[in-house]
Amino acid sequence: MKLDVEKLSSTSNTIYIADLGCAVGPNTFDAMQDVIHFIQQKYTLQCPQSNTTLQFLVLFNDQPSNDFNTLFTSLPRERPYYAAGVPGSFHRRLFPESSIHFVHCSYALHWLSKVPEELLDKNCGAWNKGRIHYTNAPNEVVQAYASQFAKDMEEFLCAREMEIVTGGMMTIIMPGLPNEMPYSQLAASLMYDFMASTFMDMANEGLISEDEVDSFNLPIYTPSPAEMASVVEKNGHFSIEMLELTNPASLVDGQVDIKAWVIHVRAAMEGMFIKHFSPDIIDEMFDRLTKKLFMFTEQVESGYKDRTQLLVVLIRK
């Protein structure tokens, strides 16, 4: 990796690291430990004669609604860094100009800043009736999602170009779609499709209204490597050090644990569902969803075998 730690540390022995979309741990703590170990190794190789000890300040960022109390009470007692919290949307500026040396963002950028407005317009071709995502939706719906993602990424990169020092690094890990693969083949696609059909079943049974389903859409988008490369190149302030698809399940043996997967998804999405639907139907929805996924275990397994995790490493020009 072309991270020049010698140059980055030439003006100060403190390295500033930002973790965007940190949630409450423990994944963020493991990631920060790995990032600091990587930088320390680089520094040892590039500056073998140096007597200077690097210091690290990690800036944990997430939305103001994030449980920062849990985050900071969970911080490892023995850690090689100082810590601070920075609430706010990463689609806007968060830090002073040219202040950050390394940015890490894992499984956060697939969340859109908002649901595309066209999806709720009954007079528009992108009205997403009977669905909660662009899985198996008309092209107008897919394009509305893709356009919103491109806008969000441009805002994200414009903010980071101001904050990251020249030569600084940014790593992004997020769900990715192989360039030639239909989105419907992804395991997550199956999940969202079954969510929609479960909500529609419950609407037909009178447990919720059909209007509630039609007016709800998940603000999630999975880009292809080509899409990601295009938005980075359009921005023009970062060079692409690495952009590739990896397999998120490559280190896991055996079958996908569907119950654990549903629990993980529920933890991320339950708040949105409770805001829009009655809290009383959420348990029932997830119970039905789990049963449907077990009926299609082979498709779920197939969706996880493909390389569907996007790894992007950028250097600030």
# chains A, B, ... in the order shown; residues from 1 in each chain; ligands from 1
call {"tool": "residues_around", "arguments": {"residues": "Lys292 of chain A", "least_positions_apart": "3", "cutoff": "12 Å", "atoms": "only C-alpha atoms", "output": "list in words"}}
result
Leu190, Met191, Tyr192, Asp193, Phe194, Met195, Ala196, Ser197, Thr198, Ile258, Lys259, Val262, Met285, Phe286, Asp287, Arg288, Leu289, Met295, Phe296, Thr297, Gln299 and Val300 of chain A
call {"tool": "residues_around", "arguments": {"residues": "segment 271-279 of chain A", "least_positions_apart": "3", "cutoff": "9 Å", "atoms": "only C-alpha atoms", "output": "short mmCIF file (atom, residue, chain, number, x, y, z; two decimals) with N, CA and C atoms, in the first residue's frame"}}
result
data_model
loop_
_atom_site.label_atom_id
_atom_site.label_comp_id
_atom_site.auth_asym_id
_atom_site.auth_seq_id
_atom_site.Cartn_x
_atom_site.Cartn_y
_atom_site.Cartn_z
N ILE A 208 -51.56 -4.98 8.56
CA ILE A 208 -51.08 -3.65 8.22
C ILE A 208 -51.81 -3.22 6.95
N GLU A 212 -49.13 1.37 3.76
CA GLU A 212 -47.93 1.37 4.59
C GLU A 212 -46.77 0.69 3.88
N VAL A 213 -47.06 -0.38 3.15
CA VAL A 213 -46.01 -1.09 2.40
C VAL A 213 -45.55 -0.24 1.22
N SER A 215 -45.49 2.88 0.84
CA SER A 215 -44.79 4.12 1.22
C SER A 215 -43.49 3.86 1.98
N PHE A 216 -43.08 2.59 2.06
CA PHE A 216 -41.83 2.26 2.76
C PHE A 216 -40.81 1.71 1.78
N LEU A 218 -36.43 0.74 1.61
CA LEU A 218 -35.14 0.67 2.30
C LEU A 218 -34.13 1.57 1.59
N ARG A 266 -32.01 -7.48 11.68
CA ARG A 266 -33.02 -6.85 12.55
C ARG A 266 -32.39 -5.76 13.40
N ALA A 267 -31.20 -6.02 13.92
CA ALA A 267 -30.52 -5.01 14.75
C ALA A 267 -30.28 -3.73 13.97
N ALA A 268 -29.99 -3.86 12.66
CA ALA A 268 -29.69 -2.69 11.84
C ALA A 268 -30.95 -1.96 11.38
N ILE A 282 -43.69 -6.32 14.33
CA ILE A 282 -42.29 -6.54 13.95
C ILE A 282 -41.83 -7.96 14.25
N ASP A 283 -42.17 -8.47 15.43
CA ASP A 283 -41.79 -9.86 15.77
C ASP A 283 -42.36 -10.84 14.75
#
call {"tool": "residues_around", "arguments": {"residues": "Trp111 of chain A", "least_positions_apart": "4", "cutoff": "8 Å", "atoms": "only C-alpha atoms", "output": "number ranges by chain"}}
result
A: 219-221
call {"tool": "select_by_dssp", "arguments": {"residues": "segment 77-217 of chain A", "states": "strand (DSSP E or B)", "output": "list in words"}}
result
Tyr82, Ala83, Ala84, Gly85, Val86, Pro87, Ile100, His101, Phe102, Val103, His104, Cys105, Ser106, Trp111, Ile164, Val165, Thr166, Gly167, Gly168, Met169, Met170, Thr171, Ile172, Ile173, Met174 and Pro175 of chain A
call {"tool": "write_last_selection", "arguments": {"atoms": "N, CA, C and O atoms", "output": "short mmCIF file (atom, residue, chain, number, x, y, z; two decimals), in the first residue's frame"}}
result
data_model
loop_
_atom_site.label_atom_id
_atom_site.label_comp_id
_atom_site.auth_asym_id
_atom_site.auth_seq_id
_atom_site.Cartn_x
_atom_site.Cartn_y
_atom_site.Cartn_z
N TYR A 82 -5.79 7.51 21.59
CA TYR A 82 -6.76 8.36 22.27
C TYR A 82 -8.05 8.32 21.44
O TYR A 82 -8.02 8.00 20.24
N ALA A 83 -9.17 8.63 22.05
CA ALA A 83 -10.45 8.49 21.35
C ALA A 83 -11.34 9.71 21.56
O ALA A 83 -11.33 10.34 22.63
N ALA A 84 -12.11 10.03 20.52
CA ALA A 84 -13.10 11.11 20.60
C ALA A 84 -14.26 10.76 19.68
O ALA A 84 -14.11 10.00 18.73
N GLY A 85 -15.42 11.32 19.97
CA GLY A 85 -16.61 11.07 19.15
C GLY A 85 -16.97 12.28 18.32
O GLY A 85 -16.83 13.43 18.78
N VAL A 86 -17.41 12.04 17.09
CA VAL A 86 -17.80 13.13 16.19
C VAL A 86 -19.16 12.77 15.58
O VAL A 86 -19.23 12.06 14.57
N PRO A 87 -20.26 13.24 16.19
CA PRO A 87 -21.58 12.94 15.62
C PRO A 87 -21.86 13.77 14.38
O PRO A 87 -21.43 14.91 14.27
N ILE A 100 -6.95 14.96 8.59
CA ILE A 100 -7.08 13.52 8.78
C ILE A 100 -6.06 12.78 7.91
O ILE A 100 -5.89 13.09 6.73
N HIS A 101 -5.38 11.80 8.52
CA HIS A 101 -4.38 11.02 7.80
C HIS A 101 -4.93 9.71 7.24
O HIS A 101 -4.45 9.22 6.21
N PHE A 102 -5.92 9.14 7.92
CA PHE A 102 -6.45 7.84 7.50
C PHE A 102 -7.94 7.79 7.82
O PHE A 102 -8.36 8.10 8.93
N VAL A 103 -8.75 7.42 6.81
CA VAL A 103 -10.19 7.26 6.99
C VAL A 103 -10.56 5.80 6.75
O VAL A 103 -10.12 5.18 5.78
N HIS A 104 -11.36 5.26 7.65
CA HIS A 104 -11.87 3.89 7.53
C HIS A 104 -13.39 3.97 7.54
O HIS A 104 -13.99 4.66 8.36
N CYS A 105 -14.03 3.26 6.60
CA CYS A 105 -15.49 3.26 6.53
C CYS A 105 -15.95 1.87 6.12
O CYS A 105 -15.72 1.44 4.99
N SER A 106 -16.55 1.15 7.05
CA SER A 106 -16.91 -0.25 6.80
C SER A 106 -18.42 -0.46 6.96
O SER A 106 -18.99 -0.13 8.00
N TRP A 111 -25.72 2.68 2.89
CA TRP A 111 -26.92 3.39 3.37
C TRP A 111 -27.01 4.75 2.67
O TRP A 111 -26.11 5.56 2.77
N ILE A 164 -8.93 15.18 4.27
CA ILE A 164 -7.78 14.27 4.26
C ILE A 164 -6.55 14.99 3.72
O ILE A 164 -6.62 15.70 2.71
N VAL A 165 -5.43 14.81 4.39
CA VAL A 165 -4.18 15.44 3.94
C VAL A 165 -3.73 14.81 2.62
O VAL A 165 -4.08 13.68 2.30
N THR A 166 -2.94 15.55 1.86
CA THR A 166 -2.36 15.00 0.63
C THR A 166 -1.52 13.76 0.99
O THR A 166 -0.69 13.81 1.89
N GLY A 167 -1.77 12.66 0.29
CA GLY A 167 -1.07 11.42 0.59
C GLY A 167 -1.76 10.56 1.61
O GLY A 167 -1.35 9.42 1.87
N GLY A 168 -2.85 11.09 2.23
CA GLY A 168 -3.61 10.31 3.19
C GLY A 168 -4.40 9.20 2.51
O GLY A 168 -4.63 9.23 1.31
N MET A 169 -4.82 8.22 3.30
CA MET A 169 -5.48 7.03 2.74
C MET A 169 -6.91 6.90 3.26
O MET A 169 -7.22 7.28 4.39
N MET A 170 -7.77 6.37 2.41
CA MET A 170 -9.14 6.04 2.80
C MET A 170 -9.48 4.63 2.35
O MET A 170 -9.27 4.28 1.18
N THR A 171 -9.98 3.82 3.26
CA THR A 171 -10.41 2.47 2.91
C THR A 171 -11.93 2.38 3.10
O THR A 171 -12.47 2.86 4.10
N ILE A 172 -12.58 1.77 2.13
CA ILE A 172 -14.03 1.60 2.15
C ILE A 172 -14.34 0.12 1.96
O ILE A 172 -13.83 -0.51 1.02
N ILE A 173 -15.16 -0.43 2.84
CA ILE A 173 -15.62 -1.81 2.71
C ILE A 173 -17.14 -1.76 2.72
O ILE A 173 -17.74 -1.14 3.61
N MET A 174 -17.77 -2.38 1.75
CA MET A 174 -19.23 -2.33 1.65
C MET A 174 -19.73 -3.45 0.76
O MET A 174 -18.93 -4.08 0.05
N PRO A 175 -21.02 -3.74 0.77
CA PRO A 175 -21.55 -4.72 -0.16
C PRO A 175 -21.28 -4.29 -1.60
O PRO A 175 -21.36 -3.10 -1.91
#
call {"tool": "closest_residue", "arguments": {"among": "A:Asp19, A:Glu270, A:Asp280, A:Glu241", "to": "Leu311 of chain A", "atoms": "only C-alpha atoms"}}
result
A:Glu241
call {"tool": "select_by_dssp", "arguments": {"residues": "segment 15-61 of chain A", "states": "alpha helix (DSSP H)", "output": "list in words"}}
result
Asn27, Thr28, Phe29, Asp30, Ala31, Met32, Gln33, Asp34, Val35, Ile36, His37, Phe38, Ile39, Gln40, Gln41, Lys42, Tyr43, Thr44, Leu45 and Gln46 of chain A
call {"tool": "atom_distance", "arguments": {"atom1": "atom CA of Leu59 of chain A", "atom2": "atom CA of Ile17 of chain A"}}
result
6.1 Å
call {"tool": "closest_residue", "arguments": {"among": "A:Glu244, A:Glu210, A:Glu227, A:Asp67", "to": "Ala146 of chain A", "atoms": "only C-alpha atoms"}}
result
A:Glu227
call {"tool": "residues_around", "arguments": {"residues": "segment 4-11 of chain A", "least_positions_apart": "3", "cutoff": "7 Å", "atoms": "only C-alpha atoms", "output": "ChimeraX atom specification"}}
result
/A:39,42-43,46-47,167
call {"tool": "closest_atom_pairs", "arguments": {"of": "segment 152-196 of chain A", "to": "segment 237-240 of chain A", "cutoff": "9 Å", "atoms": "only C-alpha atoms", "output": "CSV"}}
result
residue,atom,partner,partner_atom,distance
A:Leu157,CA,A:His237,CA,8.2
A:Cys158,CA,A:His237,CA,8.4
A:Glu161,CA,A:His237,CA,6.3
call {"tool": "write_last_selection", "arguments": {"atoms": "N, CA, C and O atoms", "output": "PDB file, in the first residue's frame"}}
result
ATOM      1  N   LEU A 157     -17.249  12.162  -1.106  1.00  0.00           N
ATOM      2  CA  LEU A 157     -15.871  12.367  -1.579  1.00  0.00           C
ATOM      3  C   LEU A 157     -15.472  13.838  -1.527  1.00  0.00           C
ATOM      4  O   LEU A 157     -14.322  14.159  -1.214  1.00  0.00           O
ATOM      5  N   CYS A 158     -16.408  14.733  -1.822  1.00  0.00           N
ATOM      6  CA  CYS A 158     -16.102  16.173  -1.747  1.00  0.00           C
ATOM      7  C   CYS A 158     -15.767  16.585  -0.314  1.00  0.00           C
ATOM      8  O   CYS A 158     -14.867  17.410  -0.088  1.00  0.00           O
ATOM      9  N   GLU A 161     -12.265  15.023   0.531  1.00  0.00           N
ATOM     10  CA  GLU A 161     -11.129  15.643  -0.170  1.00  0.00           C
ATOM     11  C   GLU A 161     -10.654  16.887   0.573  1.00  0.00           C
ATOM     12  O   GLU A 161      -9.477  17.256   0.518  1.00  0.00           O
TER      13      GLU A 161
END
call {"tool": "atom_distance", "arguments": {"atom1": "atom CA of Asn136 of chain A", "atom2": "atom CA of Met228 of chain A"}}
result
21.8 Å
call {"tool": "closest_residue", "arguments": {"among": "A:Asn13, A:Asn27, A:Asn128, A:Ser230", "to": "Tyr107 of chain A", "atoms": "only C-alpha atoms"}}
result
A:Asn27
call {"tool": "atom_distance", "arguments": {"atom1": "atom CA of Asp121 of chain A", "atom2": "atom CA of Leu207 of chain A"}}
result
24.4 Å
call {"tool": "residues_around", "arguments": {"residues": "Ala126 of chain A", "least_positions_apart": "5", "cutoff": "9 Å", "atoms": "only C-alpha atoms", "output": "list in words"}}
result
Glu118, Leu119, Leu120, Asp121, Ala137, Pro138, Asn139, Glu140, Val141, Val142, Gln143 and Ala144 of chain A
call {"tool": "closest_residue", "arguments": {"among": "A:Ser302, A:Gln33, A:Gln309, A:Ser147", "to": "Val58 of chain A", "atoms": "only C-alpha atoms"}}
result
A:Gln33
call {"tool": "decode", "arguments": {"residues": "segment 148-161 of chain A", "atoms": "all heavy atoms", "output": "PDB file, in the first residue's frame"}}
result
ATOM      1  N   GLN A 148     -29.337   8.334  -6.679  1.00  0.00           N
ATOM      2  CA  GLN A 148     -29.173   8.821  -5.306  1.00  0.00           C
ATOM      3  C   GLN A 148     -27.820   8.403  -4.743  1.00  0.00           C
ATOM      4  O   GLN A 148     -27.144   9.178  -4.053  1.00  0.00           O
ATOM      5  CB  GLN A 148     -30.305   8.286  -4.416  1.00  0.00           C
ATOM      6  CG  GLN A 148     -30.299   8.862  -3.007  1.00  0.00           C
ATOM      7  CD  GLN A 148     -30.505  10.364  -2.992  1.00  0.00           C
ATOM      8  OE1 GLN A 148     -31.469  10.857  -3.579  1.00  0.00           O
ATOM      9  NE2 GLN A 148     -29.623  11.088  -2.311  1.00  0.00           N
ATOM     10  N   PHE A 149     -27.403   7.170  -5.046  1.00  0.00           N
ATOM     11  CA  PHE A 149     -26.092   6.703  -4.577  1.00  0.00           C
ATOM     12  C   PHE A 149     -24.974   7.557  -5.166  1.00  0.00           C
ATOM     13  O   PHE A 149     -24.035   7.937  -4.454  1.00  0.00           O
ATOM     14  CB  PHE A 149     -25.878   5.232  -4.950  1.00  0.00           C
ATOM     15  CG  PHE A 149     -24.505   4.727  -4.608  1.00  0.00           C
ATOM     16  CD1 PHE A 149     -24.170   4.414  -3.297  1.00  0.00           C
ATOM     17  CD2 PHE A 149     -23.528   4.580  -5.593  1.00  0.00           C
ATOM     18  CE1 PHE A 149     -22.889   3.962  -2.971  1.00  0.00           C
ATOM     19  CE2 PHE A 149     -22.255   4.127  -5.277  1.00  0.00           C
ATOM     20  CZ  PHE A 149     -21.934   3.820  -3.964  1.00  0.00           C
ATOM     21  N   ALA A 150     -25.056   7.855  -6.459  1.00  0.00           N
ATOM     22  CA  ALA A 150     -24.025   8.666  -7.110  1.00  0.00           C
ATOM     23  C   ALA A 150     -23.944  10.057  -6.479  1.00  0.00           C
ATOM     24  O   ALA A 150     -22.848  10.585  -6.250  1.00  0.00           O
ATOM     25  CB  ALA A 150     -24.307   8.765  -8.612  1.00  0.00           C
ATOM     26  N   LYS A 151     -25.103  10.657  -6.186  1.00  0.00           N
ATOM     27  CA  LYS A 151     -25.120  11.973  -5.533  1.00  0.00           C
ATOM     28  C   LYS A 151     -24.490  11.892  -4.139  1.00  0.00           C
ATOM     29  O   LYS A 151     -23.698  12.754  -3.746  1.00  0.00           O
ATOM     30  CB  LYS A 151     -26.561  12.490  -5.410  1.00  0.00           C
ATOM     31  CG  LYS A 151     -27.212  12.884  -6.724  1.00  0.00           C
ATOM     32  CD  LYS A 151     -28.674  13.265  -6.494  1.00  0.00           C
ATOM     33  CE  LYS A 151     -29.406  13.489  -7.809  1.00  0.00           C
ATOM     34  NZ  LYS A 151     -30.867  13.696  -7.586  1.00  0.00           N
ATOM     35  N   ASP A 152     -24.871  10.860  -3.392  1.00  0.00           N
ATOM     36  CA  ASP A 152     -24.336  10.696  -2.032  1.00  0.00           C
ATOM     37  C   ASP A 152     -22.829  10.494  -2.046  1.00  0.00           C
ATOM     38  O   ASP A 152     -22.107  11.065  -1.218  1.00  0.00           O
ATOM     39  CB  ASP A 152     -24.998   9.492  -1.352  1.00  0.00           C
ATOM     40  CG  ASP A 152     -26.430   9.773  -0.928  1.00  0.00           C
ATOM     41  OD1 ASP A 152     -26.863  10.935  -1.011  1.00  0.00           O
ATOM     42  OD2 ASP A 152     -27.115   8.813  -0.514  1.00  0.00           O
ATOM     43  N   MET A 153     -22.353   9.684  -2.981  1.00  0.00           N
ATOM     44  CA  MET A 153     -20.911   9.422  -3.059  1.00  0.00           C
ATOM     45  C   MET A 153     -20.142  10.683  -3.435  1.00  0.00           C
ATOM     46  O   MET A 153     -19.044  10.930  -2.921  1.00  0.00           O
ATOM     47  CB  MET A 153     -20.615   8.310  -4.069  1.00  0.00           C
ATOM     48  CG  MET A 153     -20.734   6.909  -3.511  1.00  0.00           C
ATOM     49  SD  MET A 153     -19.649   6.581  -2.094  1.00  0.00           S
ATOM     50  CE  MET A 153     -18.034   6.934  -2.781  1.00  0.00           C
ATOM     51  N   GLU A 154     -20.706  11.484  -4.321  1.00  0.00           N
ATOM     52  CA  GLU A 154     -20.041  12.737  -4.697  1.00  0.00           C
ATOM     53  C   GLU A 154     -19.927  13.657  -3.485  1.00  0.00           C
ATOM     54  O   GLU A 154     -18.870  14.264  -3.245  1.00  0.00           O
ATOM     55  CB  GLU A 154     -20.811  13.415  -5.833  1.00  0.00           C
ATOM     56  CG  GLU A 154     -20.255  14.768  -6.261  1.00  0.00           C
ATOM     57  CD  GLU A 154     -18.825  14.704  -6.788  1.00  0.00           C
ATOM     58  OE1 GLU A 154     -18.353  13.609  -7.159  1.00  0.00           O
ATOM     59  OE2 GLU A 154     -18.172  15.775  -6.818  1.00  0.00           O
ATOM     60  N   GLU A 155     -21.008  13.755  -2.704  1.00  0.00           N
ATOM     61  CA  GLU A 155     -20.970  14.580  -1.488  1.00  0.00           C
ATOM     62  C   GLU A 155     -19.958  14.024  -0.482  1.00  0.00           C
ATOM     63  O   GLU A 155     -19.216  14.784   0.156  1.00  0.00           O
ATOM     64  CB  GLU A 155     -22.364  14.647  -0.861  1.00  0.00           C
ATOM     65  CG  GLU A 155     -23.355  15.462  -1.674  1.00  0.00           C
ATOM     66  CD  GLU A 155     -24.739  15.490  -1.036  1.00  0.00           C
ATOM     67  OE1 GLU A 155     -24.939  14.816   0.008  1.00  0.00           O
ATOM     68  OE2 GLU A 155     -25.621  16.185  -1.574  1.00  0.00           O
ATOM     69  N   PHE A 156     -19.935  12.719  -0.348  1.00  0.00           N
ATOM     70  CA  PHE A 156     -19.006  12.057   0.576  1.00  0.00           C
ATOM     71  C   PHE A 156     -17.557  12.343   0.173  1.00  0.00           C
ATOM     72  O   PHE A 156     -16.724  12.721   1.001  1.00  0.00           O
ATOM     73  CB  PHE A 156     -19.280  10.546   0.574  1.00  0.00           C
ATOM     74  CG  PHE A 156     -18.325   9.741   1.410  1.00  0.00           C
ATOM     75  CD1 PHE A 156     -18.534   9.589   2.770  1.00  0.00           C
ATOM     76  CD2 PHE A 156     -17.228   9.112   0.823  1.00  0.00           C
ATOM     77  CE1 PHE A 156     -17.651   8.826   3.543  1.00  0.00           C
ATOM     78  CE2 PHE A 156     -16.352   8.360   1.581  1.00  0.00           C
ATOM     79  CZ  PHE A 156     -16.560   8.218   2.952  1.00  0.00           C
ATOM     80  N   LEU A 157     -17.249  12.162  -1.106  1.00  0.00           N
ATOM     81  CA  LEU A 157     -15.871  12.367  -1.579  1.00  0.00           C
ATOM     82  C   LEU A 157     -15.472  13.838  -1.527  1.00  0.00           C
ATOM     83  O   LEU A 157     -14.322  14.159  -1.214  1.00  0.00           O
ATOM     84  CB  LEU A 157     -15.725  11.819  -3.002  1.00  0.00           C
ATOM     85  CG  LEU A 157     -15.830  10.291  -3.139  1.00  0.00           C
ATOM     86  CD1 LEU A 157     -15.858   9.889  -4.612  1.00  0.00           C
ATOM     87  CD2 LEU A 157     -14.678   9.583  -2.429  1.00  0.00           C
ATOM     88  N   CYS A 158     -16.408  14.733  -1.822  1.00  0.00           N
ATOM     89  CA  CYS A 158     -16.102  16.173  -1.747  1.00  0.00           C
ATOM     90  C   CYS A 158     -15.767  16.585  -0.314  1.00  0.00           C
ATOM     91  O   CYS A 158     -14.867  17.410  -0.088  1.00  0.00           O
ATOM     92  CB  CYS A 158     -17.278  16.997  -2.260  1.00  0.00           C
ATOM     93  SG  CYS A 158     -17.438  16.998  -4.061  1.00  0.00           S
ATOM     94  N   ALA A 159     -16.485  16.007   0.652  1.00  0.00           N
ATOM     95  CA  ALA A 159     -16.196  16.310   2.056  1.00  0.00           C
ATOM     96  C   ALA A 159     -14.836  15.757   2.461  1.00  0.00           C
ATOM     97  O   ALA A 159     -14.027  16.438   3.105  1.00  0.00           O
ATOM     98  CB  ALA A 159     -17.294  15.730   2.954  1.00  0.00           C
ATOM     99  N   ARG A 160     -14.553  14.523   2.056  1.00  0.00           N
ATOM    100  CA  ARG A 160     -13.285  13.890   2.442  1.00  0.00           C
ATOM    101  C   ARG A 160     -12.079  14.537   1.755  1.00  0.00           C
ATOM    102  O   ARG A 160     -10.997  14.596   2.322  1.00  0.00           O
ATOM    103  CB  ARG A 160     -13.305  12.393   2.109  1.00  0.00           C
ATOM    104  CG  ARG A 160     -14.422  11.583   2.744  1.00  0.00           C
ATOM    105  CD  ARG A 160     -14.387  11.516   4.250  1.00  0.00           C
ATOM    106  NE  ARG A 160     -15.017  12.648   4.898  1.00  0.00           N
ATOM    107  CZ  ARG A 160     -16.347  12.812   5.035  1.00  0.00           C
ATOM    108  NH1 ARG A 160     -17.185  11.945   4.501  1.00  0.00           N
ATOM    109  NH2 ARG A 160     -16.820  13.863   5.693  1.00  0.00           N
ATOM    110  N   GLU A 161     -12.265  15.023   0.531  1.00  0.00           N
ATOM    111  CA  GLU A 161     -11.129  15.643  -0.170  1.00  0.00           C
ATOM    112  C   GLU A 161     -10.654  16.887   0.573  1.00  0.00           C
ATOM    113  O   GLU A 161      -9.477  17.256   0.518  1.00  0.00           O
ATOM    114  CB  GLU A 161     -11.499  15.990  -1.612  1.00  0.00           C
ATOM    115  CG  GLU A 161     -12.359  17.227  -1.754  1.00  0.00           C
ATOM    116  CD  GLU A 161     -12.810  17.502  -3.176  1.00  0.00           C
ATOM    117  OE1 GLU A 161     -13.277  16.573  -3.860  1.00  0.00           O
ATOM    118  OE2 GLU A 161     -12.706  18.666  -3.593  1.00  0.00           O
TER     119      GLU A 161
END
